[in-house]
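Structure data (mmCIF, C-alpha atoms) from start-v8.cif:
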```
data_entry
#
loop_
_atom_site.label_atom_id
_atom_site.label_comp_id
_atom_site.auth_asym_id
_atom_site.auth_seq_id
_atom_site.Cartn_x
_atom_site.Cartn_y
_atom_site.Cartn_z
CA ASN A 1 17.02 8.26 -12.88
CA GLN A 2 14.60 7.06 -10.22
CA PRO A 3 16.08 6.64 -6.73
CA SER A 4 16.42 3.08 -5.51
CA VAL A 5 13.72 2.12 -3.00
CA ASP A 6 13.74 -1.03 -0.87
CA TYR A 7 10.09 -2.08 -0.90
CA ARG A 8 10.85 -4.95 1.48
CA GLN A 9 12.88 -3.08 4.08
CA TYR A 10 10.33 -3.55 6.85
CA TRP A 11 8.84 -6.84 5.64
CA PRO A 12 10.74 -8.93 8.24
CA THR A 13 9.57 -6.50 10.94
CA LEU A 14 5.94 -6.90 9.86
CA ALA A 15 6.41 -10.66 10.07
CA GLU A 16 8.03 -10.45 13.51
CA LEU A 17 5.19 -8.27 14.84
CA GLY A 18 2.59 -10.70 13.50
CA VAL A 19 1.08 -8.17 11.12
CA LEU A 20 1.44 -10.50 8.14
CA GLY A 21 -0.62 -13.09 10.00
CA VAL A 22 -3.63 -10.86 10.64
CA PRO A 23 -5.65 -12.07 7.59
CA PHE A 24 -5.15 -15.77 8.38
CA THR A 25 -6.78 -18.14 10.86
CA GLU A 26 -5.00 -19.58 13.87
CA GLU A 27 -5.04 -22.99 12.16
CA GLN A 28 -3.10 -21.41 9.30
CA GLY A 29 -0.59 -19.86 11.68
CA GLY A 30 -2.24 -16.41 11.79
CA ILE A 31 -4.24 -14.55 14.41
CA SER A 32 -7.73 -14.91 12.89
CA GLY A 33 -8.19 -11.23 12.20
CA CYS A 34 -11.61 -10.17 10.93
CA GLY A 35 -12.23 -7.61 8.19
CA ILE A 36 -12.07 -4.76 10.70
CA ASP A 37 -8.73 -6.00 12.04
CA ILE A 38 -7.28 -6.14 8.53
CA ALA A 39 -8.61 -2.65 7.77
CA ASP A 40 -7.09 -1.30 11.00
CA ALA A 41 -3.69 -2.78 10.12
CA VAL A 42 -3.85 -1.31 6.61
CA ARG A 43 -4.94 2.10 7.93
CA VAL A 44 -2.00 2.31 10.35
CA LEU A 45 0.48 1.25 7.67
CA ALA A 46 -0.93 3.83 5.25
CA LYS A 47 -0.73 6.54 7.88
CA GLY A 48 2.98 5.78 8.21
CA ILE A 49 3.40 5.73 4.42
CA VAL A 50 4.77 2.19 4.56
CA LEU A 51 5.47 1.07 0.98
CA GLU A 52 5.68 -2.66 1.67
CA PRO A 53 3.14 -4.72 -0.37
CA TYR A 54 0.90 -5.61 2.57
CA ILE A 55 -2.43 -5.39 0.72
CA GLU A 56 -1.10 -6.94 -2.47
CA SER A 57 0.67 -9.86 -0.79
CA ALA A 58 -0.70 -10.63 2.69
CA VAL A 59 -4.31 -9.69 1.93
CA ILE A 60 -4.99 -10.33 -1.77
CA ALA A 61 -2.48 -13.03 -2.71
CA GLY A 62 -2.70 -14.49 0.79
CA SER A 63 -6.41 -15.17 0.42
CA LEU A 64 -5.71 -17.12 -2.78
CA LEU A 65 -2.92 -19.11 -1.16
CA ALA A 66 -5.21 -19.99 1.73
CA ALA A 67 -7.88 -21.24 -0.70
CA GLY A 68 -5.62 -23.85 -2.28
CA ASP A 69 -5.29 -27.54 -1.55
CA PRO A 70 -4.56 -27.83 2.19
CA ALA A 71 -1.52 -30.03 1.63
CA ARG A 72 0.22 -27.29 -0.39
CA SER A 73 -1.53 -24.28 1.06
CA GLU A 74 -0.15 -24.80 4.57
CA ALA A 75 3.47 -24.40 3.49
CA ALA A 76 2.73 -21.47 1.15
CA VAL A 77 0.81 -19.53 3.80
CA ALA A 78 3.47 -20.25 6.43
CA ALA A 79 6.17 -18.84 4.14
CA LEU A 80 4.14 -15.66 3.60
CA ILE A 81 3.33 -15.17 7.29
CA GLY A 82 6.97 -15.77 8.19
CA GLY A 83 8.11 -13.08 5.77
CA GLU A 84 10.00 -15.57 3.62
CA ASP A 85 7.79 -15.17 0.55
CA VAL A 86 6.17 -12.16 -1.08
CA ALA A 87 3.41 -13.46 -3.35
CA ILE A 88 1.65 -11.20 -5.86
CA LEU A 89 -1.46 -11.77 -7.98
CA VAL A 90 -0.92 -11.27 -11.71
CA GLY A 91 -4.21 -10.89 -13.57
CA GLY A 92 -7.67 -11.73 -12.32
CA ARG A 93 -9.04 -8.19 -12.38
CA GLY A 94 -12.43 -8.08 -14.08
CA GLY A 95 -13.50 -5.32 -16.44
CA LEU A 96 -10.03 -4.62 -17.83
CA PRO A 97 -8.81 -5.28 -21.39
CA ASP A 98 -5.85 -7.25 -20.05
CA VAL A 99 -6.02 -10.91 -21.00
CA LEU A 100 -4.05 -13.93 -19.81
CA SER A 101 -5.07 -17.22 -21.37
CA SER A 102 -4.03 -20.78 -20.60
CA SER A 103 -4.37 -23.95 -22.64
CA LYS A 104 -3.60 -27.51 -21.63
CA THR A 105 -0.68 -29.20 -23.36
CA SER A 106 1.13 -32.51 -23.06
CA ASP A 107 3.76 -30.77 -20.92
CA GLY A 108 1.39 -28.82 -18.67
CA TYR A 109 -0.20 -25.48 -19.53
CA ARG A 110 0.74 -22.81 -22.06
CA LEU A 111 0.24 -19.19 -21.01
CA ASP A 112 -0.11 -16.15 -23.26
CA GLY A 113 -1.19 -12.56 -22.71
CA HIS A 114 -0.44 -9.42 -20.79
CA VAL A 115 -1.49 -7.56 -17.65
CA ARG A 116 -0.78 -3.90 -17.10
CA VAL A 117 0.05 -2.17 -13.82
CA VAL A 118 0.86 -5.09 -11.54
CA PRO A 119 2.11 -3.63 -8.24
CA TYR A 120 5.38 -5.14 -6.99
CA ALA A 121 5.58 -7.61 -9.89
CA GLN A 122 9.38 -7.48 -9.97
CA GLU A 123 9.82 -7.43 -6.18
CA ALA A 124 7.74 -10.59 -5.63
CA ASP A 125 9.19 -14.01 -4.84
CA SER A 126 6.21 -15.83 -6.33
CA TRP A 127 3.32 -15.07 -8.66
CA LEU A 128 -0.26 -16.25 -8.55
CA ILE A 129 -1.15 -16.03 -12.24
CA ALA A 130 -4.89 -15.83 -12.95
CA THR A 131 -5.86 -16.99 -16.43
CA THR A 132 -8.86 -18.19 -18.40
CA ASP A 133 -8.91 -21.27 -20.59
CA LYS A 134 -8.28 -20.20 -24.18
CA ASN A 135 -11.28 -22.16 -25.46
CA ALA A 136 -13.70 -22.84 -22.61
CA GLY A 137 -13.09 -19.69 -20.55
CA THR A 138 -12.55 -21.72 -17.37
CA PRO A 139 -10.63 -19.73 -14.74
CA ARG A 140 -7.29 -21.12 -13.63
CA ILE A 141 -4.77 -19.84 -11.09
CA PHE A 142 -1.13 -20.95 -11.12
CA HIS A 143 1.37 -20.49 -8.29
CA VAL A 144 4.97 -20.26 -9.44
CA PRO A 145 8.31 -18.77 -8.35
CA ARG A 146 8.64 -15.50 -10.24
CA GLU A 147 12.08 -16.24 -11.65
CA THR A 148 10.82 -19.43 -13.34
CA VAL A 149 8.46 -17.50 -15.63
CA SER A 150 9.96 -15.98 -18.77
CA ALA A 151 8.11 -12.68 -18.97
CA ASP A 152 8.76 -9.10 -19.96
CA THR A 153 8.20 -6.86 -16.94
CA PRO A 154 8.99 -3.20 -17.72
CA ARG A 155 9.08 -1.53 -14.31
CA TYR A 156 8.00 1.94 -13.18
CA ARG A 157 6.79 3.77 -10.10
CA LEU A 158 3.21 4.78 -9.46
CA MET A 159 2.19 8.23 -8.22
CA ASP A 160 1.98 6.99 -4.63
CA GLY A 161 5.54 5.67 -4.71
CA ARG A 162 4.73 2.00 -5.17
CA SER A 163 6.59 -0.08 -7.71
CA ALA A 164 4.65 -1.63 -10.59
CA ALA A 165 5.27 -3.37 -13.89
CA ASP A 166 3.46 -4.50 -17.01
CA VAL A 167 3.68 -8.29 -17.33
CA VAL A 168 3.84 -9.76 -20.84
CA ILE A 169 3.84 -13.57 -21.14
CA SER A 170 4.20 -15.25 -24.52
CA GLY A 171 4.24 -18.99 -25.08
CA VAL A 172 5.35 -19.89 -21.55
CA THR A 173 4.70 -23.49 -20.49
CA LEU A 174 4.11 -24.20 -16.80
CA PRO A 175 4.23 -27.70 -15.28
CA ALA A 176 0.88 -29.25 -14.36
CA ASN A 177 1.77 -29.21 -10.66
CA THR A 178 1.83 -25.38 -10.66
CA LEU A 179 -1.96 -25.30 -11.08
CA TRP A 180 -3.30 -23.90 -7.80
CA LEU A 181 -7.03 -23.47 -8.37
CA GLU A 182 -9.37 -24.16 -11.26
CA GLY A 183 -13.03 -23.73 -12.22
CA ASP A 184 -15.57 -22.69 -9.59
CA ALA A 185 -12.97 -22.78 -6.81
CA ALA A 186 -10.77 -20.34 -8.72
CA ALA A 187 -13.71 -18.06 -9.50
CA ALA A 188 -14.83 -17.98 -5.86
CA ALA A 189 -11.30 -17.29 -4.63
CA LEU A 190 -10.88 -14.41 -7.10
CA ASP A 191 -14.22 -12.92 -6.03
CA ARG A 192 -13.12 -12.97 -2.39
CA ALA A 193 -9.73 -11.51 -3.28
CA SER A 194 -11.47 -8.71 -5.19
CA SER A 195 -13.66 -7.86 -2.18
CA LEU A 196 -10.63 -7.84 0.12
CA ALA A 197 -8.79 -5.60 -2.34
CA VAL A 198 -11.60 -3.03 -2.35
CA SER A 199 -11.79 -3.05 1.44
CA GLY A 200 -8.02 -2.85 1.81
CA TYR A 201 -7.50 0.03 -0.57
CA CYS A 202 -10.39 1.97 1.00
CA ALA A 203 -8.78 1.52 4.42
CA SER A 204 -5.45 2.63 2.96
CA ALA A 205 -7.04 5.80 1.59
CA VAL A 206 -8.60 6.52 4.99
CA GLY A 207 -5.21 6.11 6.69
CA ALA A 208 -3.50 8.45 4.24
CA MET A 209 -6.26 11.07 4.58
CA GLN A 210 -6.19 10.81 8.37
CA ASN A 211 -2.46 11.49 8.33
CA LEU A 212 -2.93 14.45 6.00
CA LEU A 213 -5.69 15.86 8.21
CA GLU A 214 -3.52 15.62 11.33
CA ILE A 215 -0.56 17.29 9.61
CA THR A 216 -2.78 20.06 8.28
CA ASN A 217 -4.39 20.58 11.67
CA GLU A 218 -1.01 20.95 13.37
CA TYR A 219 0.12 23.38 10.68
CA LEU A 220 -2.98 25.54 11.10
CA LYS A 221 -2.29 25.83 14.82
CA THR A 222 1.13 27.34 14.22
CA ARG A 223 0.85 29.16 10.89
CA VAL A 224 0.72 32.93 11.37
CA GLN A 225 -0.49 35.27 8.64
CA PHE A 226 -0.72 39.06 9.06
CA GLY A 227 0.06 38.61 12.75
CA VAL A 228 -2.82 36.21 13.34
CA VAL A 229 -2.83 32.43 13.73
CA ILE A 230 -4.88 31.15 10.80
#
```

Same coordinates, now as structure tokens:
Amino acid sequence: NQPSVDYRQYWPTLAELGVLGVPFTEEQGGISGCGIDIADAVRVLAKGIVLEPYIESAVIAGSLLAAGDPARSEAAVAALIGGEDVAILVGGRGGLPDVLSSSKTSDGYRLDGHVRVVPYAQEADSWLIATTDKNAGTPRIFHVPRETVSADTPRYRLMDGRSAADVVISGVTLPANTLWLEGDAAAAALDRASSLAVSGYCASAVGAMQNLLEITNEYLKTRVQFGVVI
């Protein structure tokens, strides 16, 4: 059995310190951090092996929340910055065989498909579900509370300790008011989120490697072999 891990243990602390607000503008309630500021925050968190979903929620999903209609976006971003909501992107990764489709119905939108390896899918409060129109291929992004979506989410842990799940959605109908972005606006937001993801994960790798280098350096200063410090 896998040991229980609280992936949100320090989330309120990150909110209190203002770390969750780094990627957002002052008008949005953040601190207007640039790309370097975001990378620095990610690097420090990675160095400390913090397992909270900072990149996945504050950086990736946060950029999509900020791109929505201002009337709804303000409240959604405020909830994320305040640590009240952990939002996660489900789908929207190009080049993978995973497919989530949406089609308009009289009741809203029907969603079908699956996405593999979604970090923190079960731990999230809300999902941003990226789909393509079943017929026209138009991109759509929906923002919904996680518990309102009937989906299979078999959970497991990744090699780095993060939680992940495969998300399988079959015949789920979402109300029309859950549509967050559509068409060119959705495509542009997903492109930006993808760029931020690449930058964030690179910074995370640098932080982890920096920590490993420092630990190794300290070990080499004290390790004695055959009577000689190696």

**Message:** So the first atom is CA of Ala41 in chain A and the second is CA of Tyr201 in chain A; what is the distance between them in Å, to one decimal place?
**Reply:** 11.7 Å

**Request:** For Leu14 in chain A, list every protein, DNA or RNA residue within 12 Å, evaluated using all atoms listed in the file, and leave out those in the same chain fewer than 3 positions away; present the list as a PyMOL selection string.
**Result:** chain A and resi 8-11+17-22+41-42+45+50-54+58+80-84

Please save C-alpha atoms of the selected residues as a PDB file, keeping the file's coordinate frame.
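File out03.pdb, as written:
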```pdb
ATOM      1  CA  ARG A   8      10.850  -4.950   1.480  1.00  0.00           C
ATOM      2  CA  GLN A   9      12.880  -3.080   4.080  1.00  0.00           C
ATOM      3  CA  TYR A  10      10.330  -3.550   6.850  1.00  0.00           C
ATOM      4  CA  TRP A  11       8.840  -6.840   5.640  1.00  0.00           C
ATOM      5  CA  LEU A  17       5.190  -8.270  14.840  1.00  0.00           C
ATOM      6  CA  GLY A  18       2.590 -10.700  13.500  1.00  0.00           C
ATOM      7  CA  VAL A  19       1.080  -8.170  11.120  1.00  0.00           C
ATOM      8  CA  LEU A  20       1.440 -10.500   8.140  1.00  0.00           C
ATOM      9  CA  GLY A  21      -0.620 -13.090  10.000  1.00  0.00           C
ATOM     10  CA  VAL A  22      -3.630 -10.860  10.640  1.00  0.00           C
ATOM     11  CA  ALA A  41      -3.690  -2.780  10.120  1.00  0.00           C
ATOM     12  CA  VAL A  42      -3.850  -1.310   6.610  1.00  0.00           C
ATOM     13  CA  LEU A  45       0.480   1.250   7.670  1.00  0.00           C
ATOM     14  CA  VAL A  50       4.770   2.190   4.560  1.00  0.00           C
ATOM     15  CA  LEU A  51       5.470   1.070   0.980  1.00  0.00           C
ATOM     16  CA  GLU A  52       5.680  -2.660   1.670  1.00  0.00           C
ATOM     17  CA  PRO A  53       3.140  -4.720  -0.370  1.00  0.00           C
ATOM     18  CA  TYR A  54       0.900  -5.610   2.570  1.00  0.00           C
ATOM     19  CA  ALA A  58      -0.700 -10.630   2.690  1.00  0.00           C
ATOM     20  CA  LEU A  80       4.140 -15.660   3.600  1.00  0.00           C
ATOM     21  CA  ILE A  81       3.330 -15.170   7.290  1.00  0.00           C
ATOM     22  CA  GLY A  82       6.970 -15.770   8.190  1.00  0.00           C
ATOM     23  CA  GLY A  83       8.110 -13.080   5.770  1.00  0.00           C
ATOM     24  CA  GLU A  84      10.000 -15.570   3.620  1.00  0.00           C
TER      25      GLU A  84
END
```

**Request:** Determine the residue membership of the PyMOL selection byres ((chain A and resi 66-74) around 9) for the file above and supply it as a ChimeraX atom specification.
**Result:** /A:24,28-29,61-65,75-79,180-181,185-186,189

**Message:** Could you tell me, as a PyMOL selection string, exactly which residues end up selected when the PyMOL selection byres ((chain A and resi 101-118) around 7) is applied to this structure?
**Reply:** chain A and resi 90-91+98-100+119-121+131-134+164-176

**Request:** Skip Gly92 in chain A itself and residues of its chain fewer than 5 positions away, then list as a list in words all residues within 8 Å of it, counting only C-alpha atoms.
**Result:** Ile129, Ala130, Thr131 and Leu190 of chain A

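One distance worth recording is that between CA of Met159 in chain A and CA of Ile49 in chain A, which is 12.9 Å.
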
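The closest residue to Leu212 in chain A, picked from A:Val228, A:Ala46, A:Ile141, A:Ala187 and counting all atoms listed in the file, is A:Ala46.
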
**Asked** Can you tell me, as an NGL selection string, what residues are no more than 9 Å from Glu182 in chain A when counting all atoms listed in the file, ignoring any on the same chain fewer than 6 positions away?
**Response** :A and (138-142)

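Proximity of A:Pro145, A:Gly137, A:Gly207, A:Gly227 to Glu123 in chain A, computed with all atoms listed in the file, is greatest for A:Pro145.
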
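The coordinates place CA of Arg43 in chain A at 20.0 Å from CA of Arg192 in chain A.
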
**Item:** Answer key for the PyMOL selection byres ((chain A and resi 199) around 12), residues as number ranges by chain
**Value:** A: 34-43, 55, 59-60, 192-198, 200-206

Using C-alpha atoms, can you write the selected residues to a file as a tab-separated table (two decimals), in the coordinates of the input?
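File result.tsv, as written:
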```tsv
chain	number	residue	atom	x	y	z
A	34	CYS	CA	-11.61	-10.17	10.93
A	35	GLY	CA	-12.23	-7.61	8.19
A	36	ILE	CA	-12.07	-4.76	10.70
A	37	ASP	CA	-8.73	-6.00	12.04
A	38	ILE	CA	-7.28	-6.14	8.53
A	39	ALA	CA	-8.61	-2.65	7.77
A	40	ASP	CA	-7.09	-1.30	11.00
A	41	ALA	CA	-3.69	-2.78	10.12
A	42	VAL	CA	-3.85	-1.31	6.61
A	43	ARG	CA	-4.94	2.10	7.93
A	55	ILE	CA	-2.43	-5.39	0.72
A	59	VAL	CA	-4.31	-9.69	1.93
A	60	ILE	CA	-4.99	-10.33	-1.77
A	192	ARG	CA	-13.12	-12.97	-2.39
A	193	ALA	CA	-9.73	-11.51	-3.28
A	194	SER	CA	-11.47	-8.71	-5.19
A	195	SER	CA	-13.66	-7.86	-2.18
A	196	LEU	CA	-10.63	-7.84	0.12
A	197	ALA	CA	-8.79	-5.60	-2.34
A	198	VAL	CA	-11.60	-3.03	-2.35
A	200	GLY	CA	-8.02	-2.85	1.81
A	201	TYR	CA	-7.50	0.03	-0.57
A	202	CYS	CA	-10.39	1.97	1.00
A	203	ALA	CA	-8.78	1.52	4.42
A	204	SER	CA	-5.45	2.63	2.96
A	205	ALA	CA	-7.04	5.80	1.59
A	206	VAL	CA	-8.60	6.52	4.99
```

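Compared by their closest atoms to Gln210 in chain A, and using only C-alpha atoms, the residues A:Leu89, A:Ser126, A:Val44, A:Ala136 rank with A:Val44 nearest.
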
**Item:** Counting all atoms listed in the file, the option among A:Asn217, A:Thr178, A:Asn211, A:Ser32 closest to Thr148 in chain A
**Value:** A:Thr178

Shell around Glu147 in chain A at 10 Å using all atoms listed in the file, local window under 5 positions removed, as a PDB file with C-alpha atoms, keeping the file's coordinate frame:
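The result, stored in part.pdb:
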```
ATOM      1  CA  GLN A 122       9.380  -7.480  -9.970  1.00  0.00           C
ATOM      2  CA  ALA A 124       7.740 -10.590  -5.630  1.00  0.00           C
ATOM      3  CA  ASP A 125       9.190 -14.010  -4.840  1.00  0.00           C
ATOM      4  CA  SER A 126       6.210 -15.830  -6.330  1.00  0.00           C
ATOM      5  CA  TRP A 127       3.320 -15.070  -8.660  1.00  0.00           C
TER       6      TRP A 127
END
```
